[in-house]
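A.B. asks: Sharing a structure here in structure tokens format.
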Number of protein chains: 2
Amino acid sequence: MSTTTTLRSLNIDNINPHVKEAKYAVRGELAVRSEEYRAKLAKGSTDLPFDKIISANIGNPQQLDQKPITFFRQVLSLIEYPPLLEKEDVLLNQLGYKSDVIARAKWLLKAVGSVGAYSASAGAPALKESVAKFIEERDGHPADPKDIYLSAGASSGVNTLLHIICATPHTGVLVPIPQYPLYTASLSVLNARCVPYYLDEAKSWGTDLEAIKEAHKKAIAEGTDVRAIVIINPGNPTGASLSEDDVKAVIDFAAQEKLVVMADEVYQTNVFKGKFHSFKSVLRNLQKEDPEKYKYVELASLHSVSKGMVGECGHRGGYFELCGFDPAVQEQIYKFVSISLCAPVIGQCLVELMVNPPKEGEPSYELYKQEFDGIFAGLEKRATALYEAFKDMEGVECGVPQGSMYLFPTITLSDKAVEAAKKEGRSPDEFYAFRLLDATGVCVVPGAGFGQKENTLHFRTTFLAPGTEWVGRIRKFHSDFMDEFR
Amino acid sequence: MSTTTTLRSLNIDNINPHVKEAKYAVRGELAVRSEEYRAKLAKGSTDLPFDKIISANIGNPQQLDQKPITFFRQVLSLIEYPPLLEKEDVLLNQLGYKSDVIARAKWLLKAVGSVGAYSASAGAPALKESVAKFIEERDGHPADPKDIYLSAGASSGVNTLLHIICATPHTGVLVPIPQYPLYTASLSVLNARCVPYYLDEAKSWGTDLEAIKEAHKKAIAEGTDVRAIVIINPGNPTGASLSEDDVKAVIDFAAQEKLVVMADEVYQTNVFKGKFHSFKSVLRNLQKEDPEKYKYVELASLHSVSKGMVGECGHRGGYFELCGFDPAVQEQIYKFVSISLCAPVIGQCLVELMVNPPKEGEPSYELYKQEFDGIFAGLEKRATALYEAFKDMEGVECGVPQGSMYLFPTITLSDKAVEAAKKEGRSPDEFYAFRLLDATGVCVVPGAGFGQKENTLHFRTTFLAPGTEWVGRIRKFHSDFMDEFR
Ligand SMILES: Cc1ncc(COP(=O)(O)O)c(C=O)c1O
Ligand SMILES: Cc1ncc(COP(=O)(O)O)c(C=O)c1O
């Protein structure tokens, strides 16, 4: 300890230990180094072996190639500056705004008053009604606006739910491994227990009911009070898209063991293979079949404007829907979200636009459809190109892209490479990822950041970056790396 | 307990007890009832004795009369839909945008890329530079962008700081009473101790160093590890604006007792009487006088776009600046904010606009100045009108308006009223506030929601609502109430 630290109130040894324990690799040391390189390049530095940084570490579409959907942004421009609505003629004839853009902006302004005013704590009522309608149409089952909570991205929704669930240091939550590290980090901060269950790489990273059961049993034997299970579907970092049977199996298990199901469905439109099955729809179907058995299943399902073809990460919009929760518990959730007042109102409006986009026959529909389909096709194309490249690489294995925005290949490194990593005090996959960044400017996240089975190594890369030149750079680096440590 | 609760994972008896303990009256039962009345009125109901709801319970300017500043919103409209920038001619000649609006929008877009992309965890670097420049100009002392953290409103900044500080159930934070309940609520959730110190109503609600010392001493005697002191300046709910000497006294005490100073300065431009003295400037001045003594004082000062003449609550923008923090602690703060990715990027841009508004001689300056001054004058006028009304009311005492957006009068109620309150299971000030709402549609917050000395009663009302008709309604209600319980 340095002498100065004792002169202060706060030092690394006396701050909240649970914050210290939290790990969040997606924006960790590698990401920080990549930002340093980016700043260097921006200042005209030429002593790096690359001329741009590819941030493949984070699912941040608009930082890379993805353009915002025109309809959404036109509406947002009007609700930010409502006096534009007095110039309808200019909007329509000179700026190319369509009449449905204007109508939606007016409707949203009526719903929220001003986007500069705090809304109700759980979101503006009219916007929650739109979300409920969307869920009803998606699932074919009713949804109630009072069970919908608009949040500052799904991150904030997860934070709220875990705050309610984590009652004691013995409380445990089943979390898939590998996982998006928001879950483990939040559980650390809350001083609760992460109960890891491994996804089955051999079955395209699907859920493995036996693995879940075993993890649950083991946790209980260790005195953990397991209260919830997290499912990320489609998966991050895996991209896996669950079958209806897998979803059923999880709900069944949750019903039996009285676990809250937290269904993180932020990638619900990022599905290339198969079909998205929402937990809500599967639950309601099960409840029809066997009302007694499934009556009290508690489901919280989360969505976000950050992913999909919307890709509006910076706006921090999202929602969660609760099913089967005790009203007294819902009251506490409401109070908890009140403490931070409300989610960003522009983000709330974007949620409404996402769930209620232009419909066939409406003036903005054609462009919307074209943009949406274009983004989808672009993602699939880049995913495939990256997958093809990985397939060819020595010591790399990768499943076919199924969904979300990521590939999560396995890498097999030589003993010599493992040894070299150890010398630097890094895990082999971290070592590999740092080498990749230093050589190519491509920033990925080592598998350790998401969790992986012992003696396996992976990295996660997004397939958001435009072009294929960067894929070539990875390929060359990899072959050099394998040669160096042969 | 109902039989159904045991069938679920979560019930009111087994969720996080610390969330349950948290109290947040600003959006509590009264606010909920007022929203029910509002909904009833909107549906055309005529069986209420009033025809509109006045939400005087919350400092939410744009929900009431306050118009957004034109320059800010014009810029935001352009960064939401950048293709507008290709129609400069239309913007300038038909929509009345000035050239500095366009230039600022271009600059902001360069700084953030797309407002739909996640920014760096603590905010976009160029925007943090603007904030640093603002602080330098305000205080006449340097500020470093690396010590600035953009946040989703000041609420999120407070949440971050308390997360770091609250290390154990014995950790204590000195909190002024009365206070904005974000502090007590967050400390409850974090299972840490609120160490209340009373503000001095007799001295216009200024800080009372003796009261602080006593509270601190008492807490230590009880085994509390006191680590920080919160100051709200100008005050909420009190409106008090601290003198330079009061600020010095607090810093002095913090230096002596090694406490982090958390200076909540969100109302820094809402000052009618006296002058705002930032903790940062006073600290730096003290450090010049006596470097040894003040060298390690840790200060976190918070600001927001929600208040002042900006009033952009719904955008959830804010920042905090750290002085004197240990770099290793700052690293943990950075990691903590990373977990929720970043503050809303539009809110970040609004912070930049707030701290860097049009300057004299620039095309948008005149209108900006006119709007800013108009809002300021309007607030002062309404504050004075409300104060005059309170002065006349039997059993009501109220200090002259000094700043922020609130008045916090003392009320003296008869024993009969206190008795009637008891029968309803409410504190007398709650009872009064419910009666006020039921009779007039005016929603205020009882003093109990902020804390008050034993045997004193208060309520807090904003002076944001337009007109004076509602003040008349309060006056009539009050006189009827006093008669009823005479
Ligand atoms: C699985 C998953 N859940 C939640 C989030 C959080 O997203 P946001 O808070 O932007 O909605 C992410 C972001 O990458 C994610 O991948
Ligand atoms: C003293 C004080 N601090 C912080 C806040 C939080 O404001 P925001 O999160 O909107 O910036 C408020 C809001 O009323 C306040 O009064």
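Here's how to read the names in the structure tokens: chain A, B, ... by the order shown, residue numbers from 1 in each chain, ligand numbers from 1 in the order shown.
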Select the residues contacting ligand 1 at a distance of at most 7 Å, based on only C-alpha atoms and all ligand atoms, then format the selection as a ChimeraX atom specification.
C.D. replies: /A:58-59,152-156,180,232,235-236,264,266,303-306,313,316-318 /B:340-341
A.B. asks: Find the residues around Ser55 (chain B) up to 10 Å (only C-alpha atoms counted), leave out those fewer than 3 positions away in its own chain, and share them as a PyMOL selection string.
C.D. replies: chain B and resi 31+34-35+38+52+58-60+63-64+437+441-445+461-462+464-465
A.B. asks: Okay, now the selection with N, CA, C and O atoms, as a short mmCIF file (atom, residue, chain, number, x, y, z; two decimals), in the first residue's frame?
C.D. replies:
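Printed below is out19.cif as written:
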```cif
data_model
loop_
_atom_site.label_atom_id
_atom_site.label_comp_id
_atom_site.auth_asym_id
_atom_site.auth_seq_id
_atom_site.Cartn_x
_atom_site.Cartn_y
_atom_site.Cartn_z
N ALA B 31 -48.10 10.45 -4.76
CA ALA B 31 -47.88 10.67 -6.19
C ALA B 31 -48.71 9.68 -7.00
O ALA B 31 -49.30 10.04 -8.04
N SER B 34 -52.22 10.82 -7.06
CA SER B 34 -52.40 11.99 -7.93
C SER B 34 -52.46 11.55 -9.40
O SER B 34 -53.20 12.10 -10.19
N GLU B 35 -51.68 10.51 -9.74
CA GLU B 35 -51.74 10.02 -11.12
C GLU B 35 -53.07 9.34 -11.41
O GLU B 35 -53.59 9.41 -12.53
N ARG B 38 -55.39 12.07 -12.12
CA ARG B 38 -55.12 12.63 -13.44
C ARG B 38 -55.76 11.76 -14.53
O ARG B 38 -56.39 12.27 -15.47
N LYS B 52 -57.91 19.94 -12.59
CA LYS B 52 -56.59 19.48 -13.02
C LYS B 52 -55.68 19.18 -11.84
O LYS B 52 -55.93 19.63 -10.72
N ILE B 58 -42.65 17.21 -7.47
CA ILE B 58 -41.40 16.79 -8.11
C ILE B 58 -40.86 17.92 -8.98
O ILE B 58 -41.62 18.62 -9.64
N GLY B 59 -39.55 18.10 -8.91
CA GLY B 59 -38.91 19.17 -9.68
C GLY B 59 -38.79 18.76 -11.13
O GLY B 59 -37.73 18.35 -11.58
N ASN B 60 -39.87 18.89 -11.86
CA ASN B 60 -39.96 18.39 -13.23
C ASN B 60 -40.44 19.52 -14.13
O ASN B 60 -41.58 19.52 -14.59
N GLN B 63 -42.66 19.27 -17.27
CA GLN B 63 -44.01 18.72 -17.10
C GLN B 63 -44.99 19.86 -16.86
O GLN B 63 -46.18 19.71 -17.06
N LEU B 64 -44.45 20.97 -16.41
CA LEU B 64 -45.31 22.10 -16.07
C LEU B 64 -45.10 23.20 -17.11
O LEU B 64 -45.38 22.99 -18.27
N LEU B 437 -54.37 17.12 -1.45
CA LEU B 437 -54.54 16.51 -2.78
C LEU B 437 -56.01 16.23 -3.07
O LEU B 437 -56.52 16.57 -4.14
N GLY B 441 -56.34 18.85 -5.80
CA GLY B 441 -55.58 18.31 -6.92
C GLY B 441 -54.12 18.73 -6.89
O GLY B 441 -53.36 18.41 -7.81
N VAL B 442 -53.71 19.45 -5.85
CA VAL B 442 -52.30 19.86 -5.73
C VAL B 442 -51.54 18.79 -4.96
O VAL B 442 -51.91 18.43 -3.85
N CYS B 443 -50.49 18.27 -5.58
CA CYS B 443 -49.70 17.21 -4.95
C CYS B 443 -48.40 17.78 -4.41
O CYS B 443 -47.57 18.28 -5.18
N VAL B 444 -48.22 17.73 -3.10
CA VAL B 444 -46.95 18.16 -2.48
C VAL B 444 -46.36 16.93 -1.77
O VAL B 444 -46.94 15.86 -1.81
N VAL B 445 -45.20 17.09 -1.18
CA VAL B 445 -44.60 15.97 -0.44
C VAL B 445 -44.52 16.35 1.04
O VAL B 445 -44.00 17.41 1.36
N THR B 461 -43.13 22.01 -1.64
CA THR B 461 -43.82 22.23 -2.91
C THR B 461 -42.85 22.87 -3.89
O THR B 461 -42.02 23.70 -3.50
N THR B 462 -42.93 22.48 -5.13
CA THR B 462 -42.15 23.18 -6.15
C THR B 462 -42.88 24.48 -6.47
O THR B 462 -44.08 24.61 -6.20
N LEU B 464 -42.93 25.53 -9.62
CA LEU B 464 -42.82 25.44 -11.09
C LEU B 464 -44.15 25.65 -11.80
O LEU B 464 -44.16 26.06 -12.96
N ALA B 465 -45.24 25.34 -11.13
CA ALA B 465 -46.53 25.38 -11.83
C ALA B 465 -46.88 26.81 -12.23
O ALA B 465 -46.69 27.74 -11.46
#
```
A.B. asks: Between B:Ala255, B:Leu48, B:Ala202, B:Ile102, single out the one closest to chain A, counting only C-alpha atoms.
C.D. replies: B:Ala255
A.B. asks: Go ahead and compute the interatomic distance for CA of His478 (chain A) and CA of Gly206 (chain A), in Å to one decimal.
C.D. replies: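 If I compute the distance from CA of His478 (chain A) to CA of Gly206 (chain A), I get 27.9 Å.
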A.B. asks: Fewer than 6 positions away in the same chain doesn't count, so skip those; otherwise give me all residues within 12 Å of Lys273 (chain B), counting only C-alpha atoms, as JSON, numbers by chain.
C.D. replies: {"B": [204, 234, 239, 240, 241, 242, 243, 380, 399, 400, 401, 402, 403, 404]}
A.B. asks: Limited to all heavy atoms, could you put the picked residues into a file as an mmCIF file, in the first residue's frame?
C.D. replies:
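Output file selection-v2.cif is given in full below:
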```
data_model
loop_
_atom_site.group_PDB
_atom_site.id
_atom_site.type_symbol
_atom_site.label_atom_id
_atom_site.label_comp_id
_atom_site.auth_asym_id
_atom_site.auth_seq_id
_atom_site.Cartn_x
_atom_site.Cartn_y
_atom_site.Cartn_z
ATOM 1 N N SER B 204 -31.992 29.915 8.074
ATOM 2 C CA SER B 204 -32.395 29.673 6.680
ATOM 3 C C SER B 204 -31.900 28.329 6.163
ATOM 4 O O SER B 204 -31.452 28.230 5.028
ATOM 5 C CB SER B 204 -31.880 30.766 5.754
ATOM 6 O OG SER B 204 -32.004 32.027 6.319
ATOM 7 N N PRO B 234 -27.290 24.425 -4.045
ATOM 8 C CA PRO B 234 -28.404 24.812 -3.178
ATOM 9 C C PRO B 234 -29.258 23.616 -2.762
ATOM 10 O O PRO B 234 -29.298 22.606 -3.465
ATOM 11 C CB PRO B 234 -29.204 25.774 -4.058
ATOM 12 C CG PRO B 234 -28.243 26.290 -5.065
ATOM 13 C CD PRO B 234 -27.285 25.183 -5.311
ATOM 14 N N GLY B 239 -33.976 24.760 -0.425
ATOM 15 C CA GLY B 239 -33.689 25.927 -1.242
ATOM 16 C C GLY B 239 -32.502 26.736 -0.748
ATOM 17 O O GLY B 239 -32.102 27.703 -1.399
ATOM 18 N N ALA B 240 -31.914 26.347 0.389
ATOM 19 C CA ALA B 240 -30.827 27.138 0.970
ATOM 20 C C ALA B 240 -29.603 27.152 0.074
ATOM 21 O O ALA B 240 -29.226 26.138 -0.516
ATOM 22 C CB ALA B 240 -30.446 26.569 2.331
ATOM 23 N N SER B 241 -28.959 28.302 0.019
ATOM 24 C CA SER B 241 -27.757 28.454 -0.787
ATOM 25 C C SER B 241 -26.621 28.787 0.185
ATOM 26 O O SER B 241 -26.676 29.775 0.905
ATOM 27 C CB SER B 241 -28.061 29.584 -1.778
ATOM 28 O OG SER B 241 -26.942 29.948 -2.496
ATOM 29 N N LEU B 242 -25.609 27.947 0.254
ATOM 30 C CA LEU B 242 -24.592 28.063 1.312
ATOM 31 C C LEU B 242 -23.625 29.216 1.072
ATOM 32 O O LEU B 242 -23.220 29.486 -0.058
ATOM 33 C CB LEU B 242 -23.790 26.764 1.423
ATOM 34 C CG LEU B 242 -24.549 25.511 1.857
ATOM 35 C CD1 LEU B 242 -23.579 24.340 2.016
ATOM 36 C CD2 LEU B 242 -25.314 25.743 3.164
ATOM 37 N N SER B 243 -23.202 29.832 2.149
ATOM 38 C CA SER B 243 -22.179 30.880 2.078
ATOM 39 C C SER B 243 -20.815 30.225 1.873
ATOM 40 O O SER B 243 -20.640 29.026 2.129
ATOM 41 C CB SER B 243 -22.162 31.669 3.384
ATOM 42 O OG SER B 243 -21.614 30.851 4.403
ATOM 43 N N GLU B 380 -38.390 32.973 -10.212
ATOM 44 C CA GLU B 380 -38.306 33.851 -9.054
ATOM 45 C C GLU B 380 -39.678 34.470 -8.744
ATOM 46 O O GLU B 380 -40.078 34.561 -7.584
ATOM 47 C CB GLU B 380 -37.277 34.963 -9.317
ATOM 48 C CG GLU B 380 -36.989 35.772 -8.073
ATOM 49 C CD GLU B 380 -35.710 36.601 -8.199
ATOM 50 O OE1 GLU B 380 -35.292 36.876 -9.346
ATOM 51 O OE2 GLU B 380 -35.147 36.957 -7.148
ATOM 52 N N GLY B 399 -39.467 30.509 5.023
ATOM 53 C CA GLY B 399 -38.352 31.424 4.766
ATOM 54 C C GLY B 399 -38.453 32.017 3.373
ATOM 55 O O GLY B 399 -39.133 31.453 2.496
ATOM 56 N N VAL B 400 -37.762 33.131 3.152
ATOM 57 C CA VAL B 400 -37.771 33.724 1.810
ATOM 58 C C VAL B 400 -37.108 32.767 0.826
ATOM 59 O O VAL B 400 -36.163 32.064 1.174
ATOM 60 C CB VAL B 400 -37.021 35.082 1.744
ATOM 61 C CG1 VAL B 400 -37.812 36.161 2.439
ATOM 62 C CG2 VAL B 400 -35.619 34.967 2.295
ATOM 63 N N PRO B 401 -37.584 32.707 -0.405
ATOM 64 C CA PRO B 401 -36.988 31.815 -1.416
ATOM 65 C C PRO B 401 -35.533 32.206 -1.671
ATOM 66 O O PRO B 401 -35.238 33.380 -1.895
ATOM 67 C CB PRO B 401 -37.832 32.063 -2.669
ATOM 68 C CG PRO B 401 -39.036 32.812 -2.243
ATOM 69 C CD PRO B 401 -38.736 33.465 -0.944
ATOM 70 N N GLN B 402 -34.644 31.236 -1.596
ATOM 71 C CA GLN B 402 -33.219 31.496 -1.855
ATOM 72 C C GLN B 402 -32.734 30.866 -3.157
ATOM 73 O O GLN B 402 -31.873 31.388 -3.829
ATOM 74 C CB GLN B 402 -32.369 30.901 -0.736
ATOM 75 C CG GLN B 402 -32.574 31.495 0.626
ATOM 76 C CD GLN B 402 -31.615 30.835 1.617
ATOM 77 O OE1 GLN B 402 -30.424 31.106 1.608
ATOM 78 N NE2 GLN B 402 -32.135 29.945 2.429
ATOM 79 N N GLY B 403 -33.266 29.680 -3.450
ATOM 80 C CA GLY B 403 -32.783 29.007 -4.657
ATOM 81 C C GLY B 403 -33.495 27.683 -4.861
ATOM 82 O O GLY B 403 -34.547 27.440 -4.276
ATOM 83 N N SER B 404 -32.919 26.833 -5.689
ATOM 84 C CA SER B 404 -33.479 25.550 -6.134
ATOM 85 C C SER B 404 -34.892 25.762 -6.687
ATOM 86 O O SER B 404 -35.165 26.807 -7.299
ATOM 87 C CB SER B 404 -33.403 24.479 -5.045
ATOM 88 O OG SER B 404 -34.422 24.578 -4.095
#
```
A.B. asks: From a backbone DSSP assignment, name each residue in region 122-336 of chain A labelled strand (DSSP E or B), as a PyMOL selection string.
C.D. replies: chain A and resi 148-151+171-177+193-198+200+206+225-232+260-264+271+299-304+318-323
A.B. asks: Residues of chain A that approach ligand 2 to 10 Å or less, counting only C-alpha atoms and all ligand atoms: could you list each one with the shortest pair of atoms and its distance in Å to one decimal, rows by chain and increasing residue number, as a tab-separated table?
C.D. replies:
```
residue	atom	partner	partner_atom_place_in_ligand_line	distance
A:Ala117	CA	ligand 2	10 (O)	9.5
A:Tyr118	CA	ligand 2	10 (O)	7.8
A:Ile339	CA	ligand 2	9 (O)	9.1
A:Ser340	CA	ligand 2	9 (O)	6.4
A:Leu341	CA	ligand 2	9 (O)	6.9
A:Cys342	CA	ligand 2	10 (O)	8.6
A:Pro344	CA	ligand 2	10 (O)	9.9
```
A.B. asks: Since we have the selection now, will you write its residues out, keeping all heavy atoms, as a JSON list (two decimals), in the first residue's frame?
C.D. replies:
```
[["chain", "number", "residue", "atom", "x", "y", "z"],
["A", 117, "ALA", "N", -39.23, 15.98, -19.91],
["A", 117, "ALA", "CA", -39.86, 15.81, -18.59],
["A", 117, "ALA", "C", -39.65, 14.38, -18.10],
["A", 117, "ALA", "O", -39.65, 13.45, -18.90],
["A", 117, "ALA", "CB", -41.34, 16.13, -18.67],
["A", 118, "TYR", "N", -39.43, 14.22, -16.79],
["A", 118, "TYR", "CA", -39.45, 12.87, -16.23],
["A", 118, "TYR", "C", -40.78, 12.24, -16.58],
["A", 118, "TYR", "O", -41.83, 12.89, -16.50],
["A", 118, "TYR", "CB", -39.39, 12.88, -14.70],
["A", 118, "TYR", "CG", -38.15, 13.42, -14.04],
["A", 118, "TYR", "CD1", -38.24, 14.43, -13.09],
["A", 118, "TYR", "CD2", -36.89, 12.87, -14.30],
["A", 118, "TYR", "CE1", -37.11, 14.91, -12.42],
["A", 118, "TYR", "CE2", -35.76, 13.35, -13.63],
["A", 118, "TYR", "CZ", -35.87, 14.37, -12.70],
["A", 118, "TYR", "OH", -34.77, 14.84, -12.04],
["A", 339, "ILE", "N", -36.52, 5.28, -7.55],
["A", 339, "ILE", "CA", -35.38, 5.95, -6.91],
["A", 339, "ILE", "C", -34.49, 6.62, -7.96],
["A", 339, "ILE", "O", -33.93, 7.67, -7.73],
["A", 339, "ILE", "CB", -34.59, 4.96, -6.03],
["A", 339, "ILE", "CG1", -35.47, 4.44, -4.91],
["A", 339, "ILE", "CG2", -33.34, 5.63, -5.44],
["A", 339, "ILE", "CD1", -34.87, 3.30, -4.10],
["A", 340, "SER", "N", -34.41, 6.01, -9.15],
["A", 340, "SER", "CA", -33.64, 6.69, -10.19],
["A", 340, "SER", "C", -34.55, 7.44, -11.17],
["A", 340, "SER", "O", -34.13, 7.80, -12.27],
["A", 340, "SER", "CB", -32.69, 5.73, -10.90],
["A", 340, "SER", "OG", -33.32, 4.54, -11.23],
["A", 341, "LEU", "N", -35.78, 7.65, -10.76],
["A", 341, "LEU", "CA", -36.75, 8.54, -11.42],
["A", 341, "LEU", "C", -37.40, 7.94, -12.66],
["A", 341, "LEU", "O", -38.56, 7.62, -12.65],
["A", 341, "LEU", "CB", -36.16, 9.91, -11.68],
["A", 341, "LEU", "CG", -35.79, 10.63, -10.36],
["A", 341, "LEU", "CD1", -34.91, 11.84, -10.58],
["A", 341, "LEU", "CD2", -37.05, 11.04, -9.60],
["A", 342, "CYS", "N", -36.66, 7.79, -13.76],
["A", 342, "CYS", "CA", -37.25, 7.14, -14.94],
["A", 342, "CYS", "C", -36.17, 6.86, -15.97],
["A", 342, "CYS", "O", -35.08, 7.40, -15.90],
["A", 342, "CYS", "CB", -38.35, 8.00, -15.57],
["A", 342, "CYS", "SG", -37.77, 9.51, -16.35],
["A", 344, "PRO", "N", -34.48, 7.11, -19.74],
["A", 344, "PRO", "CA", -34.43, 8.24, -20.69],
["A", 344, "PRO", "C", -35.67, 8.24, -21.57],
["A", 344, "PRO", "O", -36.03, 7.21, -22.14],
["A", 344, "PRO", "CB", -33.19, 7.93, -21.53],
["A", 344, "PRO", "CG", -32.38, 6.95, -20.76],
["A", 344, "PRO", "CD", -33.31, 6.24, -19.84]]
```
A.B. asks: Rank nothing, just name the residue among B:Pro181, B:Pro68, B:Pro145, B:Pro358 nearest to Lys23 (chain B), using only C-alpha atoms.
C.D. replies: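 Once distances to Lys23 (chain B) are computed over only C-alpha atoms, the minimum belongs to B:Pro181.
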A.B. asks: Could you give me, as a compact mmCIF listing (two decimals) with all heavy atoms, in the first residue's frame, the residues within 7 Å of Ile148 (chain B), counting only C-alpha atoms and dropping anything in the same chain fewer than 6 positions from it?
C.D. replies:
```txt
# COMPACT_ATOMS: atom_id res chain seq x y z
N LYS B 128 -16.25 15.24 -22.41
CA LYS B 128 -15.65 15.43 -21.08
C LYS B 128 -14.68 16.61 -21.10
O LYS B 128 -14.56 17.34 -20.11
CB LYS B 128 -14.94 14.15 -20.64
CG LYS B 128 -15.89 12.96 -20.55
CD LYS B 128 -15.40 11.87 -19.62
CE LYS B 128 -14.16 11.20 -20.11
NZ LYS B 128 -13.69 10.18 -19.15
N TYR B 319 -23.16 14.71 -14.79
CA TYR B 319 -21.76 14.30 -14.66
C TYR B 319 -21.33 14.42 -13.21
O TYR B 319 -22.00 15.09 -12.42
CB TYR B 319 -20.83 15.15 -15.54
CG TYR B 319 -20.58 16.56 -15.05
CD1 TYR B 319 -19.63 16.82 -14.04
CD2 TYR B 319 -21.28 17.63 -15.55
CE1 TYR B 319 -19.41 18.11 -13.56
CE2 TYR B 319 -21.07 18.93 -15.07
CZ TYR B 319 -20.14 19.15 -14.08
OH TYR B 319 -19.93 20.42 -13.60
N PHE B 320 -20.25 13.73 -12.86
CA PHE B 320 -19.58 14.06 -11.61
C PHE B 320 -18.10 14.22 -11.88
O PHE B 320 -17.55 13.62 -12.81
CB PHE B 320 -19.86 13.06 -10.48
CG PHE B 320 -19.47 11.63 -10.75
CD1 PHE B 320 -18.21 11.14 -10.41
CD2 PHE B 320 -20.38 10.74 -11.30
CE1 PHE B 320 -17.87 9.82 -10.63
CE2 PHE B 320 -20.05 9.40 -11.53
CZ PHE B 320 -18.78 8.94 -11.18
N GLU B 321 -17.48 15.10 -11.07
CA GLU B 321 -16.04 15.32 -11.16
C GLU B 321 -15.41 14.84 -9.87
O GLU B 321 -15.94 15.08 -8.78
CB GLU B 321 -15.73 16.81 -11.34
CG GLU B 321 -14.23 17.06 -11.55
CD GLU B 321 -13.79 18.52 -11.38
OE1 GLU B 321 -14.54 19.33 -10.83
OE2 GLU B 321 -12.67 18.82 -11.81
N LEU B 322 -14.30 14.14 -9.98
CA LEU B 322 -13.58 13.67 -8.79
C LEU B 322 -12.33 14.51 -8.59
O LEU B 322 -11.60 14.78 -9.54
CB LEU B 322 -13.17 12.21 -8.97
CG LEU B 322 -14.31 11.20 -9.18
CD1 LEU B 322 -13.74 9.79 -9.33
CD2 LEU B 322 -15.31 11.25 -8.04
```
A.B. asks: For chain B, which residue out of A:Ala385, A:Val131, A:Ile53, A:Val115 is the nearest one, using only C-alpha atoms?
C.D. replies: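 Smallest separation from chain B among the options: A:Val115.
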A.B. asks: Considering only C-alpha atoms, state which residue in the set A:Lys423, A:Lys288, A:Arg27, A:Arg138 is at the smallest distance from chain B.
C.D. replies: A:Arg27
A.B. asks: Using only C-alpha atoms, pick whichever of B:Pro176, B:Pro446, B:Gly314, B:Gly140 has the shortest atom-to-atom distance to chain A.
C.D. replies: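 Closest candidate: B:Gly314.
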A.B. asks: Quick check, in Å to one decimal: how far apart do CA of Glu397 (chain A) and CA of Thr410 (chain A) lie?
C.D. replies: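 Interatomic distance, CA of Glu397 (chain A) to CA of Thr410 (chain A): 5.1 Å.
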A.B. asks: For CA of Ala263 (chain A) and CA of Ser121 (chain A), determine how far apart the two atoms are, in Å to one decimal place.
C.D. replies: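 The value is 22.3 Å.
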A.B. asks: Taking only C-alpha atoms into account, name the residue in B:Glu419, B:Glu80, B:Glu86, B:Glu265 that is nearest to Gly347 (chain A).
C.D. replies: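 Nearest to Gly347 (chain A): B:Glu80.
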A.B. asks: Tell me which protein, DNA and RNA residues are within 7 Å of Met309 (chain B), counting only C-alpha atoms, leaving out same-chain ones fewer than 3 positions away, and put them as an mmCIF file with C-alpha atoms, in the first residue's frame.
C.D. replies:
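This is the output file out.cif:
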```cif
data_model
loop_
_atom_site.group_PDB
_atom_site.id
_atom_site.type_symbol
_atom_site.label_atom_id
_atom_site.label_comp_id
_atom_site.auth_asym_id
_atom_site.auth_seq_id
_atom_site.Cartn_x
_atom_site.Cartn_y
_atom_site.Cartn_z
ATOM 1 C CA PHE B 372 -32.556 31.696 -20.033
ATOM 2 C CA ILE B 375 -37.071 31.191 -17.172
ATOM 3 C CA PHE B 376 -35.010 32.537 -14.308
#
```
A.B. asks: Quick one: residues within 12 Å of Asp480 (chain A), only C-alpha atoms counted, chain neighbours fewer than 5 positions away excluded, as a list in words?
C.D. replies: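 Result of the neighbour search: Met393, Glu394, Tyr432, Arg435, Leu436, Ala439, Thr440, Arg473, Ile474, Arg475, Phe485 and Arg486 of chain A.
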A.B. asks: Would you please give, as a ChimeraX atom specification, all residues of region 225-295 of chain A that DSSP assigns to alpha helix (DSSP H) based on the backbone?
C.D. replies: /A:244-257,279-289,291-294
